[in-house]
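Structure data (compact mmCIF, C-alpha atoms) from final33.txt:
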```
# COMPACT_ATOMS: atom_id res chain seq x y z
CA MET A 27 29.36 -32.67 -22.96
CA THR A 28 25.85 -31.54 -23.85
CA ILE A 29 25.83 -28.82 -26.45
CA LYS A 30 23.06 -26.29 -26.08
CA LYS A 31 22.09 -23.29 -28.15
CA PHE A 32 23.01 -20.19 -26.13
CA MET A 33 21.91 -16.81 -27.44
CA PHE A 34 23.18 -13.58 -25.93
CA VAL A 35 20.80 -10.72 -26.55
CA ASN A 36 22.46 -7.31 -26.40
CA ARG A 37 20.13 -4.31 -26.18
CA LYS A 38 22.32 -1.84 -24.29
CA ALA A 39 24.95 0.63 -25.47
CA PRO A 40 28.60 0.24 -24.36
CA TYR A 41 30.48 2.28 -21.69
CA GLY A 42 27.44 4.06 -20.17
CA THR A 43 26.85 0.81 -18.27
CA VAL A 44 29.03 -2.28 -17.82
CA TYR A 45 26.58 -4.77 -19.35
CA ALA A 46 28.15 -4.94 -22.82
CA LEU A 47 31.64 -5.67 -21.48
CA GLU A 48 30.59 -8.22 -18.87
CA SER A 49 28.28 -9.88 -21.42
CA LEU A 50 31.25 -10.39 -23.75
CA GLU A 51 33.12 -12.13 -20.94
CA VAL A 52 30.28 -14.66 -20.63
CA VAL A 53 30.21 -15.17 -24.41
CA LEU A 54 33.89 -16.16 -24.35
CA ILE A 55 33.30 -18.63 -21.53
CA ALA A 56 30.33 -20.17 -23.34
CA ALA A 57 32.54 -20.58 -26.39
CA ALA A 58 35.24 -22.21 -24.24
CA PHE A 59 32.57 -24.70 -23.10
CA GLU A 60 32.06 -25.45 -26.82
CA GLN A 61 28.43 -24.42 -26.80
CA ASP A 62 26.47 -23.35 -29.87
CA VAL A 63 26.78 -19.59 -29.30
CA SER A 64 25.06 -16.75 -31.10
CA LEU A 65 24.82 -13.03 -30.38
CA ALA A 66 21.87 -10.80 -31.19
CA PHE A 67 22.19 -7.03 -31.26
CA MET A 68 19.14 -4.82 -31.22
CA ASP A 69 17.99 -1.42 -29.99
CA ASP A 70 20.97 0.47 -28.45
CA GLY A 71 22.91 -2.83 -28.42
CA VAL A 72 23.90 -2.17 -32.04
CA TYR A 73 26.07 0.72 -30.77
CA GLN A 74 28.36 -1.90 -29.19
CA LEU A 75 29.55 -2.79 -32.70
CA LYS A 76 30.03 0.78 -33.99
CA LYS A 77 33.65 0.91 -35.14
CA GLY A 78 36.21 3.44 -33.97
CA HIS A 79 35.87 3.30 -30.16
CA GLN A 80 38.53 5.51 -28.55
CA THR A 81 38.18 5.28 -24.81
CA LYS A 82 41.37 7.01 -23.71
CA GLY A 83 39.51 10.17 -22.74
CA ILE A 84 37.11 8.39 -20.40
CA GLU A 85 39.88 6.19 -18.95
CA MET A 86 37.87 3.01 -19.48
CA LYS A 87 39.05 -0.18 -21.12
CA GLY A 88 37.94 -0.24 -24.76
CA PHE A 89 36.70 -3.63 -25.92
CA GLU A 90 36.01 -3.15 -29.61
CA LYS A 91 38.89 -5.55 -30.35
CA THR A 92 37.18 -8.34 -28.41
CA TYR A 93 34.36 -8.43 -30.97
CA GLY A 94 37.00 -8.98 -33.64
CA ALA A 95 38.51 -11.82 -31.61
CA LEU A 96 35.21 -13.71 -31.35
CA GLU A 97 36.01 -15.46 -34.61
CA ASP A 98 39.08 -17.04 -32.98
CA TYR A 99 36.70 -18.64 -30.48
CA ASP A 100 34.51 -19.93 -33.33
CA VAL A 101 31.80 -17.44 -32.44
CA THR A 102 30.61 -16.35 -35.87
CA LYS A 103 26.84 -16.03 -35.49
CA LEU A 104 26.36 -12.32 -34.98
CA TYR A 105 22.86 -11.15 -35.83
CA VAL A 106 21.97 -7.48 -36.07
CA ASP A 107 18.48 -6.02 -36.30
CA SER A 108 18.14 -3.88 -39.44
CA ASP A 109 15.47 -1.58 -37.95
CA SER A 110 17.71 -0.77 -34.98
CA LEU A 111 20.59 0.14 -37.31
CA ALA A 112 18.35 2.32 -39.49
CA ALA A 113 16.87 4.14 -36.47
CA ARG A 114 20.42 5.11 -35.45
CA GLY A 115 21.63 6.22 -38.86
CA LEU A 116 23.96 3.23 -39.15
CA THR A 117 24.59 0.58 -41.78
CA ALA A 118 26.60 -2.67 -41.67
CA ASP A 119 29.58 -0.67 -43.02
CA ASP A 120 29.74 1.24 -39.72
CA LEU A 121 30.27 -1.94 -37.72
CA CYS A 122 33.62 -3.31 -36.54
CA VAL A 123 32.95 -6.95 -37.50
CA PRO A 124 31.08 -8.82 -40.23
CA VAL A 125 27.51 -9.52 -39.15
CA GLU A 126 24.28 -10.86 -40.55
CA VAL A 127 21.74 -8.06 -40.78
CA MET A 128 18.16 -9.25 -40.57
CA SER A 129 14.60 -8.15 -39.85
CA ARG A 130 13.06 -8.35 -36.40
CA ALA A 131 10.84 -11.20 -37.57
CA GLU A 132 13.88 -13.19 -38.70
CA LEU A 133 15.60 -12.45 -35.40
CA GLY A 134 12.49 -13.65 -33.59
CA LYS A 135 12.69 -16.97 -35.45
CA MET A 136 16.33 -17.38 -34.35
CA MET A 137 15.36 -16.70 -30.73
CA GLU A 138 12.59 -19.28 -30.84
CA ASP A 139 15.19 -21.90 -31.69
CA GLN A 140 17.36 -21.34 -28.56
CA ASP A 141 17.78 -23.46 -25.44
CA VAL A 142 19.14 -20.68 -23.24
CA VAL A 143 18.73 -16.94 -23.81
CA LEU A 144 20.90 -14.72 -21.66
CA SER A 145 20.55 -10.95 -21.44
CA PHE A 146 22.31 -8.50 -19.17
CA MET B 20 9.07 -19.00 -25.61
CA LEU B 21 8.15 -17.05 -22.47
CA HIS B 22 9.02 -13.38 -22.84
CA ILE B 23 9.52 -11.51 -19.57
CA VAL B 24 9.24 -7.71 -19.58
CA ASN B 25 10.11 -5.73 -16.45
CA LYS B 26 10.06 -2.14 -17.68
CA SER B 27 7.25 0.37 -18.18
CA PRO B 28 6.50 0.78 -21.90
CA LEU B 29 6.76 4.57 -21.45
CA ASP B 30 10.29 4.27 -20.06
CA ARG B 31 11.96 1.79 -22.39
CA PRO B 32 11.19 0.08 -25.68
CA SER B 33 11.37 -3.46 -24.21
CA LEU B 34 7.69 -4.22 -24.81
CA ASP B 35 7.88 -2.77 -28.34
CA ALA B 36 10.92 -4.94 -29.01
CA VAL B 37 9.07 -8.09 -27.93
CA LEU B 38 5.94 -7.26 -29.90
CA GLN B 39 7.93 -6.54 -33.06
CA THR B 40 10.40 -9.41 -32.72
CA ALA B 41 8.89 -12.43 -31.03
CA GLU B 42 7.06 -14.99 -33.11
CA ALA B 43 4.54 -16.17 -30.57
CA GLY B 44 4.28 -17.61 -27.09
CA ALA B 45 3.54 -15.80 -23.86
CA ILE B 46 4.45 -12.41 -22.44
CA LEU B 47 4.76 -12.08 -18.67
CA LEU B 48 4.85 -8.53 -17.30
CA ILE B 49 6.69 -8.16 -13.98
CA GLU B 50 8.05 -5.29 -11.85
CA ASP B 51 7.49 -1.96 -13.69
CA GLY B 52 6.45 -3.95 -16.75
CA VAL B 53 2.99 -4.44 -15.24
CA TYR B 54 2.04 -0.83 -16.01
CA ALA B 55 1.68 -1.92 -19.66
CA ALA B 56 -1.35 -3.99 -18.71
CA THR B 57 -3.36 -1.13 -17.22
CA LYS B 58 -6.59 0.08 -18.83
CA GLY B 59 -6.40 3.29 -20.81
CA SER B 60 -2.59 3.35 -20.93
CA ALA B 61 -0.33 3.45 -23.97
CA GLY B 62 0.74 -0.07 -23.06
CA GLU B 63 -2.82 -1.37 -23.38
CA ALA B 64 -2.99 -0.05 -26.94
CA LYS B 65 0.30 -1.75 -27.80
CA LEU B 66 -0.80 -5.08 -26.31
CA LYS B 67 -4.17 -4.87 -28.08
CA SER B 68 -2.51 -4.20 -31.41
CA ALA B 69 -0.62 -7.49 -31.04
CA GLY B 70 -4.04 -8.97 -31.74
CA GLY B 71 -3.98 -12.15 -29.70
CA LYS B 72 -0.61 -13.29 -31.06
CA PHE B 73 0.61 -13.78 -27.48
CA LYS B 74 -0.87 -15.09 -24.27
CA LEU B 75 -0.60 -12.21 -21.80
CA TYR B 76 0.17 -12.44 -18.10
CA ALA B 77 1.01 -9.92 -15.38
CA LEU B 78 2.47 -10.63 -11.95
CA ALA B 79 -0.25 -9.95 -9.35
CA PRO B 80 2.06 -8.97 -6.44
CA ASP B 81 3.66 -6.33 -8.69
CA LEU B 82 0.24 -5.03 -9.81
CA GLU B 83 -0.92 -4.85 -6.19
CA ALA B 84 2.26 -3.15 -4.97
CA ARG B 85 1.73 -0.39 -7.54
CA GLY B 86 -1.98 0.10 -6.81
CA VAL B 87 -3.10 -1.01 -10.26
CA ALA B 88 -4.49 -4.49 -9.61
CA ASP B 89 -8.03 -3.20 -10.22
CA ARG B 90 -7.11 -1.68 -13.59
CA VAL B 91 -5.90 -4.71 -15.49
CA MET B 92 -7.04 -4.69 -19.11
CA ASP B 93 -9.10 -7.49 -20.61
CA GLY B 94 -7.08 -10.35 -22.01
CA VAL B 95 -4.37 -10.25 -19.37
CA THR B 96 -4.27 -12.98 -16.73
CA ALA B 97 -2.87 -12.08 -13.32
CA VAL B 98 -0.60 -14.75 -11.81
CA ASP B 99 1.27 -15.09 -8.51
CA TYR B 100 4.91 -16.24 -8.16
CA ALA B 101 3.77 -19.88 -8.31
CA GLY B 102 2.08 -19.04 -11.62
CA PHE B 103 5.33 -17.42 -12.77
CA VAL B 104 7.14 -20.71 -12.02
CA ASP B 105 4.49 -22.66 -13.95
CA LEU B 106 4.88 -20.37 -16.99
CA VAL B 107 8.65 -20.90 -16.98
CA ALA B 108 8.15 -24.67 -16.70
CA GLU B 109 5.56 -24.72 -19.51
CA HIS B 110 7.79 -22.96 -22.06
CA LYS B 111 10.93 -24.45 -23.58
CA ALA B 112 12.92 -21.31 -22.76
CA SER B 113 12.42 -17.88 -21.28
CA GLN B 114 13.86 -14.58 -22.38
CA SER B 115 14.12 -11.57 -20.12
CA TRP B 116 14.05 -8.41 -22.23
CA LEU B 117 16.57 -6.40 -20.21
CA MET C 26 12.22 -29.70 -13.09
CA LYS C 27 15.70 -28.23 -12.68
CA PHE C 28 15.94 -24.42 -12.65
CA SER C 29 18.80 -21.96 -12.49
CA VAL C 30 18.53 -18.25 -11.79
CA LEU C 31 20.81 -15.39 -12.87
CA ILE C 32 20.74 -12.10 -10.94
CA ASN C 33 22.37 -9.07 -12.58
CA GLU C 34 21.55 -6.31 -10.09
CA GLY C 35 22.44 -5.52 -6.51
CA PRO C 36 20.01 -5.32 -3.60
CA TYR C 37 17.75 -2.36 -2.77
CA THR C 38 18.25 -0.26 -5.93
CA HIS C 39 16.55 -2.66 -8.33
CA GLN C 40 13.76 -5.14 -7.70
CA ALA C 41 15.68 -7.88 -9.55
CA SER C 42 17.01 -9.66 -6.44
CA ASP C 43 13.60 -9.47 -4.73
CA SER C 44 11.84 -10.91 -7.78
CA ALA C 45 14.45 -13.64 -8.10
CA TYR C 46 14.08 -14.52 -4.42
CA GLN C 47 10.29 -14.78 -4.65
CA PHE C 48 10.60 -16.84 -7.84
CA THR C 49 13.16 -19.19 -6.27
CA LYS C 50 11.05 -19.64 -3.13
CA ALA C 51 7.95 -20.40 -5.21
CA ALA C 52 9.85 -22.88 -7.39
CA LEU C 53 11.13 -24.72 -4.30
CA ALA C 54 7.62 -24.74 -2.80
CA LYS C 55 6.37 -26.41 -5.97
CA GLY C 56 8.97 -29.15 -5.61
CA HIS C 57 11.33 -27.97 -8.33
CA GLU C 58 15.07 -28.23 -7.92
CA ILE C 59 17.20 -25.06 -7.98
CA PHE C 60 20.47 -26.14 -9.54
CA ARG C 61 22.19 -22.82 -8.96
CA VAL C 62 21.65 -19.10 -8.34
CA PHE C 63 24.37 -17.09 -10.06
CA PHE C 64 25.17 -13.49 -9.15
CA TYR C 65 26.76 -11.31 -11.83
CA HIS C 66 27.40 -7.60 -12.49
CA ASP C 67 26.22 -5.56 -9.46
CA GLY C 68 24.34 -8.72 -8.45
CA VAL C 69 27.46 -9.72 -6.52
CA ASN C 70 26.53 -7.04 -3.97
CA ASN C 71 23.76 -9.37 -2.79
CA ALA C 72 26.53 -11.36 -1.10
CA THR C 73 27.97 -8.91 1.42
CA ARG C 74 27.32 -9.85 5.03
CA LEU C 75 27.95 -6.22 6.05
CA THR C 76 24.49 -5.17 4.85
CA THR C 77 22.49 -3.55 7.66
CA PRO C 78 19.04 -2.42 6.50
CA PRO C 79 16.64 -0.67 8.93
CA GLN C 80 14.66 -3.06 11.12
CA ASP C 81 11.39 -2.52 9.28
CA ASP C 82 12.95 -3.40 5.93
CA ARG C 83 13.70 -6.84 4.51
CA ASN C 84 17.28 -8.10 4.81
CA ILE C 85 17.89 -9.22 1.25
CA VAL C 86 21.30 -10.78 1.97
CA ASN C 87 20.21 -12.72 5.08
CA ARG C 88 17.12 -13.88 3.23
CA TRP C 89 19.28 -15.52 0.55
CA SER C 90 21.61 -17.03 3.17
CA LYS C 91 18.65 -18.49 5.06
CA LEU C 92 17.05 -19.92 1.92
CA ALA C 93 20.40 -21.45 0.98
CA GLU C 94 20.72 -23.08 4.38
CA GLU C 95 17.18 -24.46 4.34
CA HIS C 96 17.36 -25.87 0.83
CA LYS C 97 21.11 -26.43 0.33
CA LEU C 98 21.12 -23.88 -2.48
CA ASP C 99 24.26 -23.26 -4.49
CA LEU C 100 24.65 -19.45 -4.45
CA VAL C 101 27.57 -18.55 -6.70
CA VAL C 102 29.13 -15.10 -7.00
CA CYS C 103 31.17 -14.34 -10.14
CA VAL C 104 34.80 -13.90 -9.12
CA ALA C 105 35.72 -11.22 -11.67
CA ALA C 106 32.61 -9.15 -10.90
CA ALA C 107 33.20 -9.66 -7.14
CA GLN C 108 36.83 -8.55 -7.31
CA ARG C 109 35.83 -5.36 -9.11
CA ARG C 110 33.21 -4.57 -6.51
CA GLY C 111 34.99 -5.63 -3.33
CA ILE C 112 33.17 -8.82 -2.42
CA VAL C 113 35.84 -10.93 -0.72
CA ASP C 114 36.11 -14.37 0.89
CA GLU C 115 39.15 -15.72 2.75
CA GLY C 116 40.81 -17.16 -0.32
CA GLU C 117 40.40 -13.94 -2.28
CA ALA C 118 41.60 -11.84 0.67
CA LYS C 119 44.77 -13.92 0.90
CA ARG C 120 45.37 -13.89 -2.84
CA ASN C 121 44.89 -10.15 -3.22
CA GLY C 122 46.33 -8.96 0.10
CA LYS C 123 43.08 -7.61 1.56
CA ASP C 124 42.68 -7.11 5.31
CA ALA C 125 39.03 -8.16 5.52
CA THR C 126 36.38 -10.47 4.12
CA ASN C 127 32.67 -9.83 3.66
CA LEU C 128 31.14 -12.84 1.89
CA ALA C 129 27.85 -13.78 3.54
CA PRO C 130 27.15 -17.37 4.68
CA GLY C 131 25.78 -19.69 2.01
CA PHE C 132 27.51 -17.90 -0.88
CA ARG C 133 30.66 -19.00 -2.67
CA ILE C 134 32.89 -17.19 -5.16
CA SER C 135 33.66 -18.93 -8.43
CA GLY C 136 34.12 -18.38 -12.16
CA LEU C 137 31.75 -17.59 -15.01
CA GLY C 138 31.99 -21.21 -16.12
CA GLN C 139 29.52 -21.92 -13.31
CA LEU C 140 26.91 -19.81 -15.11
CA ILE C 141 27.38 -21.63 -18.41
CA GLU C 142 27.36 -24.99 -16.61
CA ALA C 143 24.09 -23.97 -14.94
CA GLY C 144 22.63 -23.18 -18.37
CA ILE C 145 23.72 -26.57 -19.67
CA GLN C 146 22.61 -28.64 -16.66
CA SER C 147 19.30 -26.92 -15.97
CA ASP C 148 16.01 -27.42 -17.79
CA ARG C 149 15.28 -23.70 -17.46
CA THR C 150 17.39 -20.61 -16.81
CA VAL C 151 15.66 -17.40 -15.74
CA VAL C 152 17.37 -14.01 -15.80
CA PHE C 153 16.55 -11.13 -13.44
CA GLY C 154 18.09 -7.73 -14.07
CA ASP C 155 17.52 -4.15 -15.09
```
Take the structure in this file and express it as structure tokens.
Amino acid sequence: MTIKKFMFVNRKAPYGTVYALESLEVVLIAAAFEQDVSLAFMDDGVYQLKKGHQTKGIEMKGFEKTYGALEDYDVTKLYVDSDSLAARGLTADDLCVPVEVMSRAELGKMMEDQDVVLSF
Amino acid sequence: MLHIVNKSPLDRPSLDAVLQTAEAGAILLIEDGVYAATKGSAGEAKLKSAGGKFKLYALAPDLEARGVADRVMDGVTAVDYAGFVDLVAEHKASQSWL
Amino acid sequence: MKFSVLINEGPYTHQASDSAYQFTKAALAKGHEIFRVFFYHDGVNNATRLTTPPQDDRNIVNRWSKLAEEHKLDLVVCVAAAQRRGIVDEGEAKRNGKDATNLAPGFRISGLGQLIEAGIQSDRTVVFGD
């Protein structure tokens, strides 16, 4: 099968809208198709990775654990924009999974390299 | 890469994100994104500060629908849906900044 | 060239489905092939045949059905997103014990793999959303 570079760009916070959760579902399918998958997190998208989600009170399914499971699907390219973290008072230590923190310019280079860029 | 922006720059930081992140290529403004291309607006200043790094396009039917087709700033080319298709075909990939 | 289109929003609230429709029509007019149109998130609501807009408004659902018929388009609705939002065909109704169906002509319900396959098979994939 053809292997393409798929990048999923996440710019929206979790729970307030469904995009983060349904985006993760596509990521898992892309991985099952053995594509070259990477995830970019910028703007409010970095909130998706903030550790310590407790969703009992809002009666919604929490999906923090799914980010941790990405590694089992060989999805290990998680890129996070440093400016977006800084603007939200966060550092890599606040995130639930290991990521590669980089500048917007570096992220832009990664994007340029992709065959398919999906955003939700 | 073709970067597609569909939100007003005064509503969401999508245009800022493109201008600060993308290396080069073209930016196509559609839907509420077209307001960025209007003369005298905050969006015009942002696009000008990008200093010719990107080729700039705005979707004419969206400009017309919003009554701003006669206010398009210099340096932005208005295209119809056929032009939109051509831009997608001309670039290796497109990215919608949702 | 071979294109695929992803639509993330439902009809009438967002312009996404309108923009995607105009884009798809223009691509077909230019002689391009549309490999697939995939409906995800609230985009699955573009596939209910129960839509009844006022007469002076466009019928977004019928417009997609008609375009699909004219050009043999593959309009695919994500099954998981459709189940959550109550978009049902006969198979789904039977499987989940529902007493009605509402999938519009020209659409079919299938899995997310269809979106990834579209990305692989197409020269270009264009996303329309919020």
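Using all atoms listed in the file, the part of chain B that sits within 7 Å of chain C is made up of Tyr100, Ala101, Val104, Ala112, Ser113, Ser115 and Leu117 of chain B.
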Can I get the selected residues back with C-alpha atoms, as an mmCIF file, keeping the file's coordinate frame?
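Final output, selection_24.cif:
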```
data_model
loop_
_atom_site.group_PDB
_atom_site.id
_atom_site.type_symbol
_atom_site.label_atom_id
_atom_site.label_comp_id
_atom_site.auth_asym_id
_atom_site.auth_seq_id
_atom_site.Cartn_x
_atom_site.Cartn_y
_atom_site.Cartn_z
ATOM 1 C CA TYR B 100 4.910 -16.240 -8.160
ATOM 2 C CA ALA B 101 3.770 -19.880 -8.310
ATOM 3 C CA VAL B 104 7.140 -20.710 -12.020
ATOM 4 C CA ALA B 112 12.920 -21.310 -22.760
ATOM 5 C CA SER B 113 12.420 -17.880 -21.280
ATOM 6 C CA SER B 115 14.120 -11.570 -20.120
ATOM 7 C CA LEU B 117 16.570 -6.400 -20.210
#
```
Could you list, with a cut-off of 12 Å and counting all atoms listed in the file, the residues of chain C near chain A, each shown with its nearest atom pair and the distance in Å rounded to one decimal, rows sorted by chain and ascending number, as a Markdown table?
```
| residue | atom | partner | partner_atom | distance |
| --- | --- | --- | --- | --- |
| C:Phe28 | CA | A:Val142 | CA | 11.7 |
| C:Ser29 | CA | A:Val142 | CA | 10.8 |
| C:Val30 | CA | A:Leu144 | CA | 10.7 |
| C:Leu31 | CA | A:Leu144 | CA | 8.8 |
| C:Ile32 | CA | A:Phe146 | CA | 9.1 |
| C:Asn33 | CA | A:Phe146 | CA | 6.6 |
| C:Glu34 | CA | A:Phe146 | CA | 9.4 |
| C:Ala41 | CA | A:Phe146 | CA | 11.7 |
| C:Phe64 | CA | A:Phe146 | CA | 11.6 |
| C:Tyr65 | CA | A:Glu48 | CA | 8.6 |
| C:His66 | CA | A:Glu48 | CA | 7.2 |
| C:Asp67 | CA | A:Val44 | CA | 9.4 |
| C:Gly68 | CA | A:Phe146 | CA | 10.9 |
| C:Cys103 | CA | A:Val52 | CA | 10.5 |
| C:Ala105 | CA | A:Glu48 | CA | 9.3 |
| C:Ala106 | CA | A:Glu48 | CA | 8.3 |
| C:Arg109 | CA | A:Glu48 | CA | 11.4 |
| C:Gly136 | CA | A:Ile55 | CA | 9.4 |
| C:Leu137 | CA | A:Val52 | CA | 6.5 |
| C:Gly138 | CA | A:Ile55 | CA | 6.1 |
| C:Gln139 | CA | A:Ile55 | CA | 9.6 |
| C:Leu140 | CA | A:Val52 | CA | 8.3 |
| C:Ile141 | CA | A:Ala56 | CA | 5.9 |
| C:Glu142 | CA | A:Phe59 | CA | 8.3 |
| C:Ala143 | CA | A:Val142 | CA | 10.2 |
| C:Gly144 | CA | A:Val142 | CA | 6.5 |
| C:Ile145 | CA | A:Lys30 | CA | 6.4 |
| C:Gln146 | CA | A:Thr28 | CA | 8.4 |
| C:Ser147 | CA | A:Val142 | CA | 9.6 |
| C:Asp148 | CA | A:Asp141 | CA | 8.8 |
| C:Arg149 | CA | A:Val142 | CA | 7.6 |
| C:Thr150 | CA | A:Val142 | CA | 6.7 |
| C:Val151 | CA | A:Leu144 | CA | 8.3 |
| C:Val152 | CA | A:Leu144 | CA | 6.9 |
| C:Phe153 | CA | A:Phe146 | CA | 8.5 |
| C:Gly154 | CA | A:Phe146 | CA | 6.7 |
| C:Asp155 | CA | A:Phe146 | CA | 7.6 |
```
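All chain A residues having an atom within 9 Å of chain B, based on all atoms listed in the file, amount to Val35, Asn36, Arg37, Lys38, Met68, Asp69, Ser129, Arg130, Ala131, Glu132, Leu133, Gly134, Lys135, Met137, Glu138, Gln140, Asp141, Val142, Val143, Leu144, Ser145 and Phe146 of chain A.
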Output C-alpha atoms of each residue in that selection to a file, as a short mmCIF file (atom, residue, chain, number, x, y, z; two decimals), keeping the file's coordinate frame.
```cif
data_model
loop_
_atom_site.label_atom_id
_atom_site.label_comp_id
_atom_site.auth_asym_id
_atom_site.auth_seq_id
_atom_site.Cartn_x
_atom_site.Cartn_y
_atom_site.Cartn_z
CA VAL A 35 20.80 -10.72 -26.55
CA ASN A 36 22.46 -7.31 -26.40
CA ARG A 37 20.13 -4.31 -26.18
CA LYS A 38 22.32 -1.84 -24.29
CA MET A 68 19.14 -4.82 -31.22
CA ASP A 69 17.99 -1.42 -29.99
CA SER A 129 14.60 -8.15 -39.85
CA ARG A 130 13.06 -8.35 -36.40
CA ALA A 131 10.84 -11.20 -37.57
CA GLU A 132 13.88 -13.19 -38.70
CA LEU A 133 15.60 -12.45 -35.40
CA GLY A 134 12.49 -13.65 -33.59
CA LYS A 135 12.69 -16.97 -35.45
CA MET A 137 15.36 -16.70 -30.73
CA GLU A 138 12.59 -19.28 -30.84
CA GLN A 140 17.36 -21.34 -28.56
CA ASP A 141 17.78 -23.46 -25.44
CA VAL A 142 19.14 -20.68 -23.24
CA VAL A 143 18.73 -16.94 -23.81
CA LEU A 144 20.90 -14.72 -21.66
CA SER A 145 20.55 -10.95 -21.44
CA PHE A 146 22.31 -8.50 -19.17
#
```
Item to check | Atomic separation - CA of Leu75 (chain A) relative to CA of Gly42 (chain A), Å | outcome: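 These two atoms are separated by 14.4 Å.
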Item to check | Interatomic distance, CA of Gly35 (chain C) to CA of Ala125 (chain C) (Å, one decimal) | outcome: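 Going from CA of Gly35 (chain C) over to CA of Ala125 (chain C), I get 20.7 Å.
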Checklist entry - So how many Å separate CA of Lys67 (chain B) and CA of Asp105 (chain B), to one decimal? => result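 These atoms are spaced 24.3 Å apart.
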Give, as lines of an AutoDock Vina configuration file, the centre coordinates and the x, y and z edge lengths in Å to one decimal for an axis-aligned box around all listed atoms of region 121-136 of chain A, padded by 3 Å on each side.
```
center_x = 22.2
center_y = -9.7
center_z = -37.2
size_x = 28.8
size_y = 21.4
size_z = 13.2
```
Item to check | Pick from A:Val72, A:His79, A:Lys103, A:Ala95 nearest to Thr117 (chain A), counting all atoms listed in the file | outcome: A:Val72
Checklist entry - Looking at B:Ala64, B:Leu48, B:Ala55, B:Leu29, which one is nearest to Ala97 (chain B), with distances taken over only C-alpha atoms? => result B:Leu48
Within 12 Å of Ala61 (chain B), counting all atoms listed in the file, which residues show up once you throw out same-chain ones fewer than 3 positions away? Write them as a short mmCIF file (atom, residue, chain, number, x, y, z; two decimals) with C-alpha atoms, keeping the file's coordinate frame, please.
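out.cif, written as the output of this step:
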```cif
data_model
loop_
_atom_site.label_atom_id
_atom_site.label_comp_id
_atom_site.auth_asym_id
_atom_site.auth_seq_id
_atom_site.Cartn_x
_atom_site.Cartn_y
_atom_site.Cartn_z
CA SER B 27 7.25 0.37 -18.18
CA PRO B 28 6.50 0.78 -21.90
CA LEU B 29 6.76 4.57 -21.45
CA ASP B 30 10.29 4.27 -20.06
CA LEU B 34 7.69 -4.22 -24.81
CA ASP B 35 7.88 -2.77 -28.34
CA TYR B 54 2.04 -0.83 -16.01
CA ALA B 55 1.68 -1.92 -19.66
CA ALA B 56 -1.35 -3.99 -18.71
CA THR B 57 -3.36 -1.13 -17.22
CA LYS B 58 -6.59 0.08 -18.83
CA ALA B 64 -2.99 -0.05 -26.94
CA LYS B 65 0.30 -1.75 -27.80
CA LEU B 66 -0.80 -5.08 -26.31
CA LYS B 67 -4.17 -4.87 -28.08
CA SER B 68 -2.51 -4.20 -31.41
CA MET B 92 -7.04 -4.69 -19.11
#
```
Next on the checklist: From (42.9, -12.1, -1.1), in the file's coordinates, out to 12 Å: which residues are reached, counting only C-alpha atoms? Answer as an MDAnalysis selection string.
Outcome noted: chainID C and resid 104 107:108 111:127 134
Next on the checklist: Excluding Thr81 (chain A) and its own-chain neighbours fewer than 6 positions away, which residues fall within 9 Å of it when counting all atoms listed in the file? Please give them as a count of residues only.
Outcome noted: 3
Next on the checklist: Show me, as number ranges by chain, the residues that have an atom within 10 Å of region 77-89 of chain C when counting all atoms listed in the file, minus same-chain residues fewer than 6 positions from it.
Outcome noted: C: 35-37, 42-43, 46, 49-50, 62, 70-71, 95, 98, 100, 129-132
